[in-house]
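Enquirer: This structure is in structure tokens; I'll ask about it shortly.
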Amino acid sequence: MIAESIFKSEFDKNSVFLDRNLIMPSYIPDELPFREKQIEEVSRVIAPALKGQRPENLFIYGKVGTGKTSVSKHVMKKFNEFASNNKINAECYYVNCRTHNTVYKVLNKIAKDIYAEESFIGFPSTFIYEKILEYSKQQKHIIFILDEIDKVRDLDELMYNLTRANDELDKGSISVIGISNNVLFKDRLDARTKSSLCEKELVFPPYNAEELIEILKKRAKLAFKEGAISTSAISLAAAYAAKESGDARTAVLLLLKAGEIADRLSLNIVEDEQVKAAKSLVEEEIVLSLISTLPSQQKLVLYAIAKLSLDKKPIKSLIGLEQGVLFSGEIYEEYTRLAKKFKESIVSARWYREYISELEVYGLIITTNSGKGIKGQTRLIKLASDPTKIRDVLEKELFGN
DNA sequence: CATCCACAGGAAGGACGGGGGT
DNA sequence: ACCCCCGTCCTTCCTGTGGATG
């Protein structure tokens with residue numbers, strides 16, 4: 001009965017969305033504004049495969065939401081279309097290394113794609129490797145896109161395997177396009193792997209605010225009903241994302257969430273207010289998921305901070321100090337008290353300081369050095385977001401079950 | 001000015017678990 | 001199967017620092 005009425009009202013409700021799927025961050029639009037040059041470069045690199053030559057390996061670097069994956073997938077699609085339309089023996093495959101994070105998993109995924117869903121799980125990796133080799137021996141020129149390539153644990157071995165294949169092939173070839181948002185990871189690689197993977201390199205710059213506005217406008221036109229989102233709301237979402245990192249992904253996510261909020265409130269048009277609400281919602285989600293990954297000792301420290309922030313009478317916080325600003329020492333005392341109470345082990349004060357530094361890096365707390373007015377040299381610590389919310393979440397996390 | 005305070009944060013080293021080599 | 005090495009997490013010990021205090 002309840003379920004039915006929810007389904008019915010969900011179904012009847014008019015939404016600001018025309019097609020919600022088109023504004024999911026995972027959706028790849030046909031048009032990729034401001035990435036023409038990158039599309040051209042990637043295409044240029046892999047084009048030799050269409051003439052029966054081995055393309056050079058390519059390394060693509062760029063921060064999150066700069067269009068690396070979208071551009072690669074876009075080019076891959078066009079490449080495969082062109083190859084099959086013209087009956088050319090060239091193919092391009094995509095592997096996300098976040099889930100396929102070992103040599104074995106990557107080889108397996110590749111083999112599975114090549115041999116259309118035939119699974120090789122359980123077979124030794126040399127066998128899988130031979131299978132892949134066998135396939136490309138039919139004069140095939142194959143390109144593998146390895147997304148989030150820095151996640152592969154033994155990348156040296158994988159690259160060695162894939163490049164070695166070319167020595168054993170006389171007609172076909174194998175090339176790799178590696179994608180990463182981490183520049184530093186290159187330094188951890190073997191020199192040979194590095195020079196092989198980075199035969200060509202391409203950097204994707206972040207989008208600026210104007211570009212983000214254009215991108216969002218295009219997307220909004222696809223996903224929202226006409227006039228269902230205001231121009232200023234779009235600009236605001238773009239401005240937020242530009243300020244953070246020039247990340248198109250979060251910009252799009254903001255619009256999606258803002259639309260959902262508008263739907264829930266049965267509004268016909270998405271305004272600035274919903275974008276603002278979406279932003280704090282997204283931020284909150286990030287904070288909450290961050291907290292849940294913390295080790296329990298660190299959760300206790302954070303809990304101590306939240307509890308003290310809410311205390312009516314901050315013990316040491318004296319004249320002129322903002323409410324909720326705490327001393328490092330009093331937090332440590334509270335933490336040890338709590339740890340004893342819940343029969344948890346207690347980390348040393350030294351390690352506690354590491355925890356504090358880490359919490360600051362995560363942006364969960366804000367710290368300043370004590371200046372004049374306070375004796376000794378210590379850190380003043382303040383929670384970065386709402387103490388009540390943090391405390392409640394931590395209570396659930398720590399003692400919930 | 002010396003001294004104390006209340007810490008910050010570096011260095012060294014111990015326990016432990018996993019992954020890789022033989 | 002075994003050992004070794006390495007990274008992680010943590011402790012102990014230590015020196016440094018900026019302001020208050022006598």
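The chains in the structure tokens are called A, B, ... from first to last as shown; in each chain the residues are counted from 1, and the ligands are counted from 1 in the order shown.
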What lies within 10 Å of DT11 (chain C) using only C-alpha atoms (C1' of nucleotides), ignoring chain neighbours under 5 positions off, as an MDAnalysis selection string?
Expert: (chainID A and resid 347:351) or (chainID B and resid 13:14)
Enquirer: Next, dump the selected residues to file, keeping only N, CA and C atoms (P, O5', C5', C4', C3', O3' and C1' of nucleotides), as a PDB file, in the first residue's frame.
Expert:
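Done, and the output landed in out-v7.pdb:
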ATOM      1  N   VAL A 347      46.614   5.580  22.116  1.00  0.00           N
ATOM      2  CA  VAL A 347      47.875   5.833  21.417  1.00  0.00           C
ATOM      3  C   VAL A 347      48.646   6.932  22.144  1.00  0.00           C
ATOM      4  N   SER A 348      49.935   6.955  21.912  1.00  0.00           N
ATOM      5  CA  SER A 348      50.779   7.936  22.587  1.00  0.00           C
ATOM      6  C   SER A 348      50.464   9.343  22.099  1.00  0.00           C
ATOM      7  N   ALA A 349      50.882  10.311  22.892  1.00  0.00           N
ATOM      8  CA  ALA A 349      50.626  11.699  22.537  1.00  0.00           C
ATOM      9  C   ALA A 349      51.273  12.048  21.202  1.00  0.00           C
ATOM     10  N   ARG A 350      52.417  11.419  20.963  1.00  0.00           N
ATOM     11  CA  ARG A 350      53.109  11.675  19.702  1.00  0.00           C
ATOM     12  C   ARG A 350      52.256  11.245  18.516  1.00  0.00           C
ATOM     13  N   TRP A 351      51.723  10.066  18.646  1.00  0.00           N
ATOM     14  CA  TRP A 351      50.926   9.549  17.531  1.00  0.00           C
ATOM     15  C   TRP A 351      49.604  10.292  17.403  1.00  0.00           C
TER      16      TRP A 351
ATOM     17  P    DG B  13      68.293   2.547  15.611  1.00  0.00           P
ATOM     18  O5'  DG B  13      67.294   1.602  16.382  1.00  0.00           O
ATOM     19  C5'  DG B  13      66.711   2.030  17.616  1.00  0.00           C
ATOM     20  C4'  DG B  13      65.336   1.426  17.758  1.00  0.00           C
ATOM     21  C3'  DG B  13      65.184   0.040  17.094  1.00  0.00           C
ATOM     22  O3'  DG B  13      64.499  -0.820  17.989  1.00  0.00           O
ATOM     23  C1'  DG B  13      63.443   1.416  16.431  1.00  0.00           C
ATOM     24  P    DG B  14      64.803  -2.447  17.925  1.00  0.00           P
ATOM     25  O5'  DG B  14      63.471  -3.079  18.520  1.00  0.00           O
ATOM     26  C5'  DG B  14      62.751  -2.402  19.549  1.00  0.00           C
ATOM     27  C4'  DG B  14      61.265  -2.701  19.417  1.00  0.00           C
ATOM     28  C3'  DG B  14      60.947  -4.090  18.861  1.00  0.00           C
ATOM     29  O3'  DG B  14      59.796  -4.604  19.523  1.00  0.00           O
ATOM     30  C1'  DG B  14      59.952  -2.479  17.491  1.00  0.00           C
TER      31       DG B  14
END
Enquirer: Once you count only C-alpha atoms (C1' of nucleotides), which residues of chain A turn out to be within 12 Å of chain B? Could you give them as a ChimeraX atom specification?
Expert: /A:153-154,327-330,332,349-354,356-357,369-370,374-380
Enquirer: Export, as a tab-separated table (two decimals), in the first residue's frame, the selected residues with N, CA, C and O atoms.
Expert:
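Okay, selection10.tsv is ready:
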chain	number	residue	atom	x	y	z
A	153	ARG	N	48.98	-2.86	-9.45
A	153	ARG	CA	50.02	-3.05	-8.44
A	153	ARG	C	51.38	-3.39	-9.06
A	153	ARG	O	52.38	-2.85	-8.66
A	154	ASP	N	51.36	-4.28	-10.02
A	154	ASP	CA	52.63	-4.64	-10.66
A	154	ASP	C	52.65	-4.19	-12.11
A	154	ASP	O	52.68	-5.00	-13.03
A	327	PHE	N	42.16	23.39	22.69
A	327	PHE	CA	43.59	23.19	22.83
A	327	PHE	C	43.94	21.73	22.54
A	327	PHE	O	43.19	20.83	22.92
A	328	SER	N	45.07	21.56	21.93
A	328	SER	CA	45.55	20.22	21.62
A	328	SER	C	45.57	19.34	22.87
A	328	SER	O	45.13	18.20	22.85
A	329	GLY	N	46.08	19.92	23.96
A	329	GLY	CA	46.22	19.15	25.19
A	329	GLY	C	44.90	18.68	25.76
A	329	GLY	O	44.76	17.52	26.16
A	330	GLU	N	43.92	19.53	25.77
A	330	GLU	CA	42.64	19.15	26.37
A	330	GLU	C	41.93	18.11	25.52
A	330	GLU	O	41.20	17.27	26.05
A	332	TYR	N	43.54	15.78	23.86
A	332	TYR	CA	44.21	14.51	24.17
A	332	TYR	C	43.70	13.93	25.48
A	332	TYR	O	43.46	12.73	25.60
A	349	ALA	N	50.88	10.31	22.89
A	349	ALA	CA	50.63	11.70	22.54
A	349	ALA	C	51.27	12.05	21.20
A	349	ALA	O	50.75	12.84	20.43
A	350	ARG	N	52.42	11.42	20.96
A	350	ARG	CA	53.11	11.67	19.70
A	350	ARG	C	52.26	11.24	18.52
A	350	ARG	O	52.12	11.95	17.53
A	351	TRP	N	51.72	10.07	18.65
A	351	TRP	CA	50.93	9.55	17.53
A	351	TRP	C	49.60	10.29	17.40
A	351	TRP	O	49.07	10.48	16.32
A	352	TYR	N	49.10	10.72	18.55
A	352	TYR	CA	47.91	11.56	18.54
A	352	TYR	C	48.15	12.80	17.68
A	352	TYR	O	47.29	13.21	16.91
A	353	ARG	N	49.34	13.37	17.79
A	353	ARG	CA	49.66	14.55	16.98
A	353	ARG	C	49.65	14.23	15.50
A	353	ARG	O	49.25	15.04	14.67
A	354	GLU	N	50.13	13.03	15.15
A	354	GLU	CA	50.05	12.60	13.75
A	354	GLU	C	48.60	12.53	13.28
A	354	GLU	O	48.26	12.95	12.19
A	356	ILE	N	46.13	14.22	14.44
A	356	ILE	CA	45.62	15.59	14.28
A	356	ILE	C	46.06	16.17	12.94
A	356	ILE	O	45.26	16.73	12.20
A	357	SER	N	47.33	16.00	12.62
A	357	SER	CA	47.84	16.51	11.34
A	357	SER	C	47.08	15.90	10.17
A	357	SER	O	46.75	16.57	9.20
A	369	ASN	N	48.43	27.85	14.95
A	369	ASN	CA	49.38	27.89	16.05
A	369	ASN	C	48.92	28.92	17.07
A	369	ASN	O	48.44	30.00	16.70
A	370	SER	N	49.06	28.57	18.33
A	370	SER	CA	48.69	29.52	19.37
A	370	SER	C	49.65	30.71	19.30
A	370	SER	O	50.85	30.54	19.21
A	374	ILE	N	48.46	33.07	24.94
A	374	ILE	CA	48.44	31.70	25.42
A	374	ILE	C	49.85	31.26	25.74
A	374	ILE	O	50.74	31.39	24.90
A	375	LYS	N	50.00	30.77	26.93
A	375	LYS	CA	51.36	30.35	27.30
A	375	LYS	C	51.69	29.01	26.64
A	375	LYS	O	50.80	28.17	26.42
A	376	GLY	N	52.94	28.85	26.35
A	376	GLY	CA	53.37	27.64	25.69
A	376	GLY	C	53.09	27.70	24.20
A	376	GLY	O	52.47	28.65	23.70
A	377	GLN	N	53.55	26.67	23.52
A	377	GLN	CA	53.35	26.61	22.08
A	377	GLN	C	52.47	25.41	21.79
A	377	GLN	O	52.84	24.28	22.02
A	378	THR	N	51.29	25.66	21.30
A	378	THR	CA	50.36	24.55	21.05
A	378	THR	C	49.51	24.84	19.83
A	378	THR	O	49.65	25.89	19.20
A	379	ARG	N	48.68	23.90	19.51
A	379	ARG	CA	47.80	24.09	18.36
A	379	ARG	C	46.39	24.32	18.84
A	379	ARG	O	45.90	23.63	19.73
A	380	LEU	N	45.75	25.30	18.21
A	380	LEU	CA	44.34	25.52	18.48
A	380	LEU	C	43.56	24.80	17.39
A	380	LEU	O	43.84	24.95	16.21
Enquirer: What gap, in Å, lies between CA of Val275 (chain A) and CA of Thr388 (chain A)?
Expert: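 Spanning CA of Val275 (chain A) to CA of Thr388 (chain A) is a straight-line distance of 23.6 Å.
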Enquirer: Residues of chain C were defined as contacting chain A if any atom lay at most 7 Å from it, counting only C-alpha atoms (C1' of nucleotides); please report them as a PDB file with N, CA, C and O atoms (P, O5', C5', C4', C3', O3' and C1' of nucleotides), in the first residue's frame.
Expert:
ATOM      1  P    DT C  17      64.109  26.060  16.354  1.00  0.00           P
ATOM      2  O5'  DT C  17      62.697  26.667  16.755  1.00  0.00           O
ATOM      3  C5'  DT C  17      61.565  25.815  16.969  1.00  0.00           C
ATOM      4  C4'  DT C  17      60.367  26.650  17.377  1.00  0.00           C
ATOM      5  C3'  DT C  17      60.615  28.120  17.685  1.00  0.00           C
ATOM      6  O3'  DT C  17      59.459  28.845  17.328  1.00  0.00           O
ATOM      7  C1'  DT C  17      59.849  27.055  19.644  1.00  0.00           C
ATOM      8  P    DG C  18      59.622  30.329  16.746  1.00  0.00           P
ATOM      9  O5'  DG C  18      58.480  31.113  17.519  1.00  0.00           O
ATOM     10  C5'  DG C  18      57.135  30.644  17.449  1.00  0.00           C
ATOM     11  C4'  DG C  18      56.421  31.033  18.725  1.00  0.00           C
ATOM     12  C3'  DG C  18      56.655  32.483  19.152  1.00  0.00           C
ATOM     13  O3'  DG C  18      55.389  33.032  19.454  1.00  0.00           O
ATOM     14  C1'  DG C  18      57.146  31.034  20.942  1.00  0.00           C
ATOM     15  P    DG C  19      55.157  34.572  19.584  1.00  0.00           P
ATOM     16  O5'  DG C  19      54.761  34.709  21.113  1.00  0.00           O
ATOM     17  C5'  DG C  19      53.500  34.230  21.531  1.00  0.00           C
ATOM     18  C4'  DG C  19      53.592  33.767  22.955  1.00  0.00           C
ATOM     19  C3'  DG C  19      53.719  34.902  23.970  1.00  0.00           C
ATOM     20  O3'  DG C  19      52.520  34.976  24.743  1.00  0.00           O
ATOM     21  C1'  DG C  19      55.131  33.047  24.475  1.00  0.00           C
ATOM     22  P    DA C  20      52.365  36.135  25.837  1.00  0.00           P
ATOM     23  O5'  DA C  20      52.581  35.318  27.177  1.00  0.00           O
ATOM     24  C5'  DA C  20      51.719  34.232  27.476  1.00  0.00           C
ATOM     25  C4'  DA C  20      52.152  33.565  28.772  1.00  0.00           C
ATOM     26  C3'  DA C  20      52.149  34.472  30.004  1.00  0.00           C
ATOM     27  O3'  DA C  20      51.673  33.721  31.113  1.00  0.00           O
ATOM     28  C1'  DA C  20      54.344  33.648  29.624  1.00  0.00           C
TER      29       DA C  20
END
Enquirer: What is the CA of Asp247 (chain A) to CA of Leu18 (chain A) distance in Å?
Expert: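 Between these atoms lies a distance of 24.0 Å.
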